[in-house]
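J.: Quick one, start03.tsv (TSV, C-alpha atoms):
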chain	number	residue	atom	x	y	z
A	176	MET	CA	-23.05	-21.93	21.94
A	177	GLN	CA	-24.75	-19.94	19.27
A	178	VAL	CA	-27.03	-20.94	16.46
A	179	LEU	CA	-27.30	-17.87	14.31
A	180	TYR	CA	-30.04	-19.17	12.05
A	181	ASN	CA	-32.31	-22.20	12.22
A	182	ASP	CA	-34.77	-22.60	9.32
A	183	THR	CA	-37.18	-25.45	9.97
A	184	ALA	CA	-38.59	-25.40	6.41
A	185	THR	CA	-35.25	-26.06	4.73
A	186	ARG	CA	-33.48	-27.81	7.64
A	187	ARG	CA	-30.72	-25.23	7.27
A	188	ILE	CA	-28.58	-24.27	10.23
A	189	ILE	CA	-25.90	-21.61	10.25
A	190	TYR	CA	-23.69	-22.44	13.19
A	191	CYS	CA	-20.57	-20.42	14.01
A	192	GLY	CA	-20.82	-18.85	10.55
A	193	TYR	CA	-20.96	-22.17	8.68
A	194	ASP	CA	-24.03	-23.16	6.64
A	195	MET	CA	-25.00	-26.78	7.34
A	196	LYS	CA	-27.66	-28.53	5.29
A	197	LEU	CA	-28.87	-31.59	7.16
A	198	SER	CA	-31.12	-34.48	6.21
A	199	ARG	CA	-34.56	-34.61	7.84
A	200	ILE	CA	-33.48	-36.99	10.62
A	201	GLU	CA	-30.10	-35.30	11.13
A	202	TYR	CA	-31.96	-32.02	11.60
A	203	LYS	CA	-34.34	-33.58	14.14
A	204	ILE	CA	-31.44	-35.10	16.07
A	205	PHE	CA	-29.48	-31.82	16.00
A	206	CYS	CA	-32.49	-29.85	17.29
A	207	CYS	CA	-33.13	-32.43	20.01
A	208	ILE	CA	-29.53	-32.15	21.23
A	209	TRP	CA	-29.50	-28.36	20.85
A	210	GLU	CA	-32.72	-27.99	22.87
A	211	ASN	CA	-31.09	-29.98	25.67
A	212	GLY	CA	-28.45	-27.26	26.11
A	213	LYS	CA	-25.21	-28.30	27.77
A	214	GLU	CA	-26.80	-31.36	29.34
A	215	TYR	CA	-26.16	-34.79	27.86
A	216	ILE	CA	-29.07	-36.58	26.20
A	217	SER	CA	-29.06	-40.35	25.79
A	218	ALA	CA	-29.60	-42.20	22.52
A	219	ASP	CA	-32.81	-43.65	24.01
A	220	GLN	CA	-34.12	-40.13	24.71
A	221	ILE	CA	-33.23	-39.04	21.17
A	222	ILE	CA	-35.07	-42.07	19.76
A	223	GLN	CA	-38.16	-41.25	21.87
A	224	LYS	CA	-38.21	-37.61	20.77
A	225	CYS	CA	-37.27	-38.01	17.09
A	226	TYR	CA	-38.94	-41.19	15.92
A	227	VAL	CA	-42.53	-42.35	15.54
A	228	GLY	CA	-43.33	-45.94	14.67
A	229	LYS	CA	-40.35	-48.14	13.86
A	230	LYS	CA	-37.50	-47.32	16.23
A	231	PRO	CA	-33.85	-47.42	15.09
A	232	GLN	CA	-30.96	-49.00	16.94
A	233	LYS	CA	-28.68	-46.87	19.10
A	234	GLY	CA	-25.94	-47.44	16.52
A	235	ASP	CA	-28.09	-45.66	13.95
A	236	ILE	CA	-28.16	-42.57	16.17
A	237	ALA	CA	-24.36	-42.70	16.46
A	238	ALA	CA	-24.09	-42.92	12.65
A	239	HIS	CA	-26.35	-39.88	12.15
A	240	ILE	CA	-24.31	-37.91	14.67
A	241	CYS	CA	-21.15	-38.91	12.82
A	242	HIS	CA	-22.71	-37.52	9.61
A	243	ILE	CA	-23.62	-34.26	11.36
A	244	ASN	CA	-20.05	-33.94	12.63
A	245	ARG	CA	-18.69	-34.62	9.14
A	246	LYS	CA	-20.84	-31.79	7.79
A	247	SER	CA	-19.46	-29.47	10.48
A	248	ARG	CA	-15.80	-29.87	9.46
A	249	ASN	CA	-15.48	-26.21	8.48
A	250	ILE	CA	-16.03	-25.27	12.12
A	251	GLU	CA	-12.69	-27.04	12.73
A	252	ARG	CA	-13.95	-29.18	15.57
A	253	VAL	CA	-16.74	-31.65	16.10
A	254	LEU	CA	-20.20	-30.22	16.67
A	255	ILE	CA	-21.56	-32.98	18.89
A	256	VAL	CA	-19.55	-34.85	21.52
A	257	SER	CA	-20.40	-38.14	23.16
A	258	LYS	CA	-19.71	-39.52	26.59
A	259	TYR	CA	-19.80	-43.30	26.79
A	260	GLY	CA	-22.77	-44.54	28.78
A	261	VAL	CA	-24.20	-41.03	29.17
A	262	GLY	CA	-25.15	-39.55	25.80
A	263	TYR	CA	-24.56	-36.63	23.46
A	264	ARG	CA	-24.35	-32.84	23.73
A	265	LEU	CA	-23.17	-29.91	21.66
A	266	THR	CA	-19.58	-28.81	22.07
A	267	ASP	CA	-18.81	-25.39	23.51
A	268	HIS	CA	-18.04	-22.84	20.81
A	269	PRO	CA	-17.13	-19.19	21.13
Kindly transcribe the structure held in the file into structure tokens.
T.:
Amino acid sequence: MQVLYNDTATRRIIYCGYDMKLSRIEYKIFCCIWENGKEYISADQIIQKCYVGKKPQKGDIAAHICHINRKSRNIERVLIVSKYGVGYRLTDHP
């Protein structure tokens, strides 16, 4: 896995040569998953790390991850995979 560029000011990530511009919460979720390496992270853990105050539903996390994966279409595979009952992690890329 390789993130070539991660700009926190603009929430811009260049991943496998593709420039992804994420929303504020998509960026937080991506970074949370990325920091976890190849280990799965649960939706509850993502909520704890990424949200202050009003907490979203687990389905909201799944929707944000779906949006991130849609924005990663040029990589020609999904960026984040899920394992039912376990959580989310980044896919393996060359």
J.: Figure out the distance between CA of Tyr202 in chain A and CA of Ile222 in chain A, please, to one decimal in Å.
T.: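 It comes out at 13.3 Å.
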J.: Report the distance between CA of Ile189 in chain A and CA of Cys206 in chain A in Å, rounded to one decimal place.
T.: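 Here the two named atoms are 12.7 Å from each other.
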J.: Find the distance between CA of Asp194 in chain A and CA of Asn244 in chain A and write it in Å to one decimal.
T.: 13.0 Å
J.: With all atoms listed in the file as the basis for distance, which of A:Leu197, A:Arg186, A:Glu214, A:Ile204 is at the shortest distance from Asp235 in chain A?
T.: A:Ile204
J.: Compile the contact shell of Ile255 in chain A as a list in words: residues with an atom at most 10 Å away, counting all atoms listed in the file, same-chain residues fewer than 2 positions apart removed.
T.: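 That gives Phe205, Ile208, Trp209, Ile240, Cys241, Ile243, Asn244, Ser247, Arg252, Val253, Ser257, Tyr263, Arg264, Leu265, Thr266 and Asp267 of chain A.
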J.: Would you output that residue set with C-alpha atoms, as an mmCIF file, in the frame of the given file?
T.:
data_model
loop_
_atom_site.group_PDB
_atom_site.id
_atom_site.type_symbol
_atom_site.label_atom_id
_atom_site.label_comp_id
_atom_site.auth_asym_id
_atom_site.auth_seq_id
_atom_site.Cartn_x
_atom_site.Cartn_y
_atom_site.Cartn_z
ATOM 1 C CA PHE A 205 -29.480 -31.820 16.000
ATOM 2 C CA ILE A 208 -29.530 -32.150 21.230
ATOM 3 C CA TRP A 209 -29.500 -28.360 20.850
ATOM 4 C CA ILE A 240 -24.310 -37.910 14.670
ATOM 5 C CA CYS A 241 -21.150 -38.910 12.820
ATOM 6 C CA ILE A 243 -23.620 -34.260 11.360
ATOM 7 C CA ASN A 244 -20.050 -33.940 12.630
ATOM 8 C CA SER A 247 -19.460 -29.470 10.480
ATOM 9 C CA ARG A 252 -13.950 -29.180 15.570
ATOM 10 C CA VAL A 253 -16.740 -31.650 16.100
ATOM 11 C CA SER A 257 -20.400 -38.140 23.160
ATOM 12 C CA TYR A 263 -24.560 -36.630 23.460
ATOM 13 C CA ARG A 264 -24.350 -32.840 23.730
ATOM 14 C CA LEU A 265 -23.170 -29.910 21.660
ATOM 15 C CA THR A 266 -19.580 -28.810 22.070
ATOM 16 C CA ASP A 267 -18.810 -25.390 23.510
#
J.: Any idea what's packed within 12 Å of Lys233 in chain A, counting only C-alpha atoms, ignoring anything in its chain fewer than 5 positions away? Could you give it as a list in words?
T.: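 Residues meeting the cut-off are Ser217, Ala218, Asp219, Gln220, Ile221, Ile222, Gln223, Ala238, His239, Ile240, Gly260, Gly262 and Tyr263 of chain A.
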J.: Calculated over all atoms listed in the file, which of the candidates A:Ile200, A:Cys207, A:Cys225, A:Ala237 has the smallest distance to Val256 in chain A?
T.: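 Distance minimum relative to Val256 in chain A lands on A:Ala237.
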J.: Under the rule that only C-alpha atoms are counted, which of A:Ile236, A:Ile250, A:Lys213, A:Tyr226 is the nearest residue to Gly192 in chain A?
T.: A:Ile250
J.: With all atoms listed in the file as the counted atoms, please give the residues lying no more than 9 Å from Ile188 in chain A, apart from itself and same-chain residues fewer than 6 positions off, as a list in words.
T.: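 Once the adjacent positions are removed, what remains is Val178, Leu179, Tyr180, Asn181, Asp182, Asp194, Met195, Lys196, Leu197 and Tyr202 of chain A.
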J.: Around all the atoms of range 202-213 of chain A listed in the file, with 5 Å of room on each side, what axis-aligned box do you get, giving centre and edge lengths in Å to one decimal, as AutoDock Vina command-line options?
T.:
--center_x -29.8 --center_y -31.2 --center_z 19.7 --size_x 19.1 --size_y 17.8 --size_z 26.2
J.: Kindly output range 251-262 of chain A as a PDB file, keeping the file's coordinate frame, after building all heavy atoms.
T.:
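Full text of rebuild-v8.pdb as output:
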ATOM      1  N   GLU A 251     -13.999 -26.593  12.276  1.00  0.00           N
ATOM      2  CA  GLU A 251     -12.690 -27.040  12.730  1.00  0.00           C
ATOM      3  C   GLU A 251     -12.704 -27.771  14.062  1.00  0.00           C
ATOM      4  O   GLU A 251     -11.690 -27.868  14.736  1.00  0.00           O
ATOM      5  CB  GLU A 251     -11.689 -25.872  12.765  1.00  0.00           C
ATOM      6  CG  GLU A 251     -11.447 -25.280  11.393  1.00  0.00           C
ATOM      7  CD  GLU A 251     -10.414 -24.173  11.395  1.00  0.00           C
ATOM      8  OE1 GLU A 251      -9.770 -23.944  12.439  1.00  0.00           O
ATOM      9  OE2 GLU A 251     -10.275 -23.548  10.346  1.00  0.00           O
ATOM     10  N   ARG A 252     -13.839 -28.260  14.431  1.00  0.00           N
ATOM     11  CA  ARG A 252     -13.950 -29.180  15.570  1.00  0.00           C
ATOM     12  C   ARG A 252     -15.312 -29.855  15.474  1.00  0.00           C
ATOM     13  O   ARG A 252     -16.183 -29.387  14.761  1.00  0.00           O
ATOM     14  CB  ARG A 252     -13.765 -28.499  16.911  1.00  0.00           C
ATOM     15  CG  ARG A 252     -14.663 -27.307  17.150  1.00  0.00           C
ATOM     16  CD  ARG A 252     -14.407 -26.715  18.500  1.00  0.00           C
ATOM     17  NE  ARG A 252     -13.785 -25.427  18.348  1.00  0.00           N
ATOM     18  CZ  ARG A 252     -13.734 -24.529  19.287  1.00  0.00           C
ATOM     19  NH1 ARG A 252     -14.222 -24.779  20.451  1.00  0.00           N
ATOM     20  NH2 ARG A 252     -13.167 -23.375  19.080  1.00  0.00           N
ATOM     21  N   VAL A 253     -15.470 -30.939  16.194  1.00  0.00           N
ATOM     22  CA  VAL A 253     -16.740 -31.650  16.100  1.00  0.00           C
ATOM     23  C   VAL A 253     -17.847 -30.808  16.715  1.00  0.00           C
ATOM     24  O   VAL A 253     -17.622 -30.012  17.624  1.00  0.00           O
ATOM     25  CB  VAL A 253     -16.691 -33.043  16.767  1.00  0.00           C
ATOM     26  CG1 VAL A 253     -15.734 -33.949  16.035  1.00  0.00           C
ATOM     27  CG2 VAL A 253     -16.375 -32.955  18.232  1.00  0.00           C
ATOM     28  N   LEU A 254     -19.045 -30.987  16.212  1.00  0.00           N
ATOM     29  CA  LEU A 254     -20.200 -30.220  16.670  1.00  0.00           C
ATOM     30  C   LEU A 254     -20.858 -30.889  17.871  1.00  0.00           C
ATOM     31  O   LEU A 254     -21.302 -30.239  18.797  1.00  0.00           O
ATOM     32  CB  LEU A 254     -21.193 -30.093  15.521  1.00  0.00           C
ATOM     33  CG  LEU A 254     -22.414 -29.236  15.728  1.00  0.00           C
ATOM     34  CD1 LEU A 254     -22.013 -27.804  16.049  1.00  0.00           C
ATOM     35  CD2 LEU A 254     -23.267 -29.247  14.483  1.00  0.00           C
ATOM     36  N   ILE A 255     -20.903 -32.214  17.838  1.00  0.00           N
ATOM     37  CA  ILE A 255     -21.560 -32.980  18.890  1.00  0.00           C
ATOM     38  C   ILE A 255     -20.539 -33.942  19.504  1.00  0.00           C
ATOM     39  O   ILE A 255     -19.840 -34.644  18.790  1.00  0.00           O
ATOM     40  CB  ILE A 255     -22.759 -33.776  18.330  1.00  0.00           C
ATOM     41  CG1 ILE A 255     -23.787 -32.805  17.740  1.00  0.00           C
ATOM     42  CG2 ILE A 255     -23.377 -34.654  19.407  1.00  0.00           C
ATOM     43  CD1 ILE A 255     -24.894 -33.480  16.962  1.00  0.00           C
ATOM     44  N   VAL A 256     -20.453 -33.934  20.822  1.00  0.00           N
ATOM     45  CA  VAL A 256     -19.550 -34.850  21.520  1.00  0.00           C
ATOM     46  C   VAL A 256     -20.374 -35.920  22.219  1.00  0.00           C
ATOM     47  O   VAL A 256     -21.549 -35.716  22.530  1.00  0.00           O
ATOM     48  CB  VAL A 256     -18.659 -34.116  22.559  1.00  0.00           C
ATOM     49  CG1 VAL A 256     -17.687 -33.194  21.866  1.00  0.00           C
ATOM     50  CG2 VAL A 256     -19.482 -33.373  23.580  1.00  0.00           C
ATOM     51  N   SER A 257     -19.723 -37.053  22.449  1.00  0.00           N
ATOM     52  CA  SER A 257     -20.400 -38.140  23.160  1.00  0.00           C
ATOM     53  C   SER A 257     -19.614 -38.505  24.406  1.00  0.00           C
ATOM     54  O   SER A 257     -18.403 -38.297  24.477  1.00  0.00           O
ATOM     55  CB  SER A 257     -20.547 -39.365  22.255  1.00  0.00           C
ATOM     56  OG  SER A 257     -19.287 -39.875  21.920  1.00  0.00           O
ATOM     57  N   LYS A 258     -20.332 -39.014  25.375  1.00  0.00           N
ATOM     58  CA  LYS A 258     -19.710 -39.520  26.590  1.00  0.00           C
ATOM     59  C   LYS A 258     -20.266 -40.922  26.795  1.00  0.00           C
ATOM     60  O   LYS A 258     -21.490 -41.098  26.930  1.00  0.00           O
ATOM     61  CB  LYS A 258     -20.049 -38.619  27.776  1.00  0.00           C
ATOM     62  CG  LYS A 258     -19.307 -38.962  29.035  1.00  0.00           C
ATOM     63  CD  LYS A 258     -19.539 -37.893  30.094  1.00  0.00           C
ATOM     64  CE  LYS A 258     -18.630 -38.104  31.267  1.00  0.00           C
ATOM     65  NZ  LYS A 258     -18.817 -37.052  32.273  1.00  0.00           N
ATOM     66  N   TYR A 259     -19.387 -41.902  26.740  1.00  0.00           N
ATOM     67  CA  TYR A 259     -19.800 -43.300  26.790  1.00  0.00           C
ATOM     68  C   TYR A 259     -20.700 -43.570  27.998  1.00  0.00           C
ATOM     69  O   TYR A 259     -20.377 -43.201  29.119  1.00  0.00           O
ATOM     70  CB  TYR A 259     -18.565 -44.217  26.832  1.00  0.00           C
ATOM     71  CG  TYR A 259     -18.928 -45.670  26.777  1.00  0.00           C
ATOM     72  CD1 TYR A 259     -19.277 -46.265  25.575  1.00  0.00           C
ATOM     73  CD2 TYR A 259     -18.955 -46.439  27.920  1.00  0.00           C
ATOM     74  CE1 TYR A 259     -19.629 -47.598  25.512  1.00  0.00           C
ATOM     75  CE2 TYR A 259     -19.305 -47.774  27.877  1.00  0.00           C
ATOM     76  CZ  TYR A 259     -19.639 -48.342  26.670  1.00  0.00           C
ATOM     77  OH  TYR A 259     -20.003 -49.665  26.612  1.00  0.00           O
ATOM     78  N   GLY A 260     -21.836 -44.182  27.735  1.00  0.00           N
ATOM     79  CA  GLY A 260     -22.770 -44.540  28.780  1.00  0.00           C
ATOM     80  C   GLY A 260     -23.655 -43.399  29.263  1.00  0.00           C
ATOM     81  O   GLY A 260     -24.522 -43.600  30.104  1.00  0.00           O
ATOM     82  N   VAL A 261     -23.419 -42.191  28.738  1.00  0.00           N
ATOM     83  CA  VAL A 261     -24.200 -41.030  29.170  1.00  0.00           C
ATOM     84  C   VAL A 261     -25.045 -40.492  28.023  1.00  0.00           C
ATOM     85  O   VAL A 261     -26.259 -40.403  28.123  1.00  0.00           O
ATOM     86  CB  VAL A 261     -23.280 -39.913  29.737  1.00  0.00           C
ATOM     87  CG1 VAL A 261     -24.097 -38.699  30.135  1.00  0.00           C
ATOM     88  CG2 VAL A 261     -22.474 -40.440  30.900  1.00  0.00           C
ATOM     89  N   GLY A 262     -24.388 -40.080  26.928  1.00  0.00           N
ATOM     90  CA  GLY A 262     -25.150 -39.550  25.800  1.00  0.00           C
ATOM     91  C   GLY A 262     -24.371 -38.553  24.979  1.00  0.00           C
ATOM     92  O   GLY A 262     -23.146 -38.621  24.886  1.00  0.00           O
TER      93      GLY A 262
END
